[in-house]
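What follows is a short report on a single structure.
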Amino acid sequence: PANATVAFPVGSYVEARQLGAGATTISGATGVTVNGSSGGSVLVGQQYAGALLVKTTSTLWAAVNSA
């Protein structure tokens, strides 16, 4: 989310998991960048896989996927 909507402190992290079949795409709100291996978004494409997002600045999140 935008920092004005939810002001997570820098250093916060959010874990996302794909529990069902299919794929989940994680992307930032307007003005927010998510840096992942897929460019500006993160694709969690396998059941039970996940991603860890870490807030590095007020508008930037870094993501690490787990397959």
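Chains: A, B, ... in order of the structure tokens. Residues: from 1 per chain. Ligands: from 1, in order shown.
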Just the residues within 9 Å of Leu52 of chain A, please, counting only C-alpha atoms, with nothing from its chain fewer than 3 positions along; format it as number ranges by chain.
-> A: 13-17, 62-66
Name the residues of chain A that fall into strand (DSSP E or B) according to DSSP on the backbone, using the chain letters and numbers of this document, as an NGL selection string.
-> :A and (13-17 or 24-27 or 33-36 or 39 or 41-44 or 50-57 or 60-66)
Write out as an MDAnalysis selection string each polymer residue whose atoms come within 9 Å of Gly22 of chain A, counting only C-alpha atoms; drop sequence neighbours fewer than 5 positions from it.
-> chainID A and resid 44:47
Hey, can you spit out that residue selection with N, CA, C and O atoms as a CSV table (one decimal), in the first residue's frame?
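Saved to out05.csv:
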```csv
chain,number,residue,atom,x,y,z
A,44,VAL,N,4.1,-15.4,-7.5
A,44,VAL,CA,4.1,-16.6,-6.7
A,44,VAL,C,3.3,-17.6,-7.5
A,44,VAL,O,2.1,-17.5,-7.5
A,45,GLY,N,4.0,-18.5,-8.2
A,45,GLY,CA,3.3,-19.3,-9.2
A,45,GLY,C,3.1,-20.8,-8.9
A,45,GLY,O,2.7,-21.5,-9.7
A,46,GLN,N,3.5,-21.2,-7.7
A,46,GLN,CA,3.3,-22.6,-7.3
A,46,GLN,C,2.5,-22.7,-6.0
A,46,GLN,O,2.7,-21.8,-5.1
A,47,GLN,N,1.7,-23.7,-5.9
A,47,GLN,CA,1.0,-23.9,-4.7
A,47,GLN,C,1.9,-24.1,-3.5
A,47,GLN,O,2.9,-24.8,-3.6
```
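Closest approach to Gly50 of chain A among A:Ser12, A:Gln18, A:Asn3, A:Thr30: A:Gln18, based on only C-alpha atoms.
As for atom CA of Tyr48 of chain A and atom CA of Val10 of chain A, they are spaced 27.0 Å apart.
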Can you list, as a short mmCIF file (atom, residue, chain, number, x, y, z; two decimals) with N, CA and C atoms, in the first residue's frame, every protein, DNA or RNA residue that comes within 12 Å of Val32 of chain A when you count only C-alpha atoms, leaving out same-chain residues fewer than 4 positions away?
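For reference, around16.cif as written:
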```cif
data_model
loop_
_atom_site.label_atom_id
_atom_site.label_comp_id
_atom_site.auth_asym_id
_atom_site.auth_seq_id
_atom_site.Cartn_x
_atom_site.Cartn_y
_atom_site.Cartn_z
N PRO A 1 0.82 -1.21 0.00
CA PRO A 1 0.00 0.00 0.00
C PRO A 1 0.86 1.26 0.00
N ALA A 2 0.27 2.38 -0.38
CA ALA A 2 0.97 3.66 -0.29
C ALA A 2 1.23 3.98 1.18
N ASN A 3 2.34 4.65 1.46
CA ASN A 3 2.71 5.00 2.83
C ASN A 3 1.63 5.85 3.49
N ALA A 4 0.94 6.69 2.73
CA ALA A 4 -0.12 7.53 3.28
C ALA A 4 -1.34 6.70 3.71
N THR A 5 -1.51 5.51 3.12
CA THR A 5 -2.64 4.64 3.45
C THR A 5 -2.32 3.78 4.66
N VAL A 6 -1.18 3.09 4.62
CA VAL A 6 -0.72 2.25 5.73
C VAL A 6 0.77 2.53 5.91
N ILE A 26 1.98 -10.02 -6.99
CA ILE A 26 2.04 -8.97 -5.98
C ILE A 26 2.67 -7.75 -6.63
N SER A 27 1.98 -6.63 -6.57
CA SER A 27 2.50 -5.39 -7.14
C SER A 27 2.15 -4.25 -6.19
N GLY A 28 2.90 -3.16 -6.31
CA GLY A 28 2.68 -2.01 -5.44
C GLY A 28 1.52 -1.15 -5.89
N GLY A 40 8.96 -5.22 -11.76
CA GLY A 40 8.20 -4.38 -10.85
C GLY A 40 7.09 -5.09 -10.11
N SER A 41 7.06 -6.40 -10.17
CA SER A 41 6.06 -7.17 -9.44
C SER A 41 6.67 -8.52 -9.05
N LYS A 55 10.10 -3.71 3.53
CA LYS A 55 10.00 -2.29 3.20
C LYS A 55 11.36 -1.64 3.41
N THR A 56 11.94 -1.09 2.33
CA THR A 56 13.28 -0.51 2.42
C THR A 56 13.27 1.02 2.44
N THR A 57 12.24 1.64 1.87
CA THR A 57 12.02 3.09 1.97
C THR A 57 10.51 3.29 2.02
N SER A 58 10.06 4.54 2.11
CA SER A 58 8.62 4.78 2.20
C SER A 58 7.87 4.37 0.94
N THR A 59 8.57 4.22 -0.18
CA THR A 59 7.90 3.85 -1.44
C THR A 59 8.50 2.61 -2.11
N LEU A 60 9.35 1.88 -1.42
CA LEU A 60 10.05 0.75 -2.04
C LEU A 60 10.00 -0.49 -1.15
N TRP A 61 9.60 -1.58 -1.76
CA TRP A 61 9.60 -2.88 -1.10
C TRP A 61 10.51 -3.82 -1.90
N ALA A 62 11.31 -4.62 -1.23
CA ALA A 62 12.15 -5.63 -1.88
C ALA A 62 11.53 -6.99 -1.59
#
```
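You will find atom CA of Phe8 of chain A at 22.0 Å from atom CA of Thr24 of chain A.
The space between atom CA of Val54 of chain A and atom CA of Val34 of chain A spans 9.3 Å.
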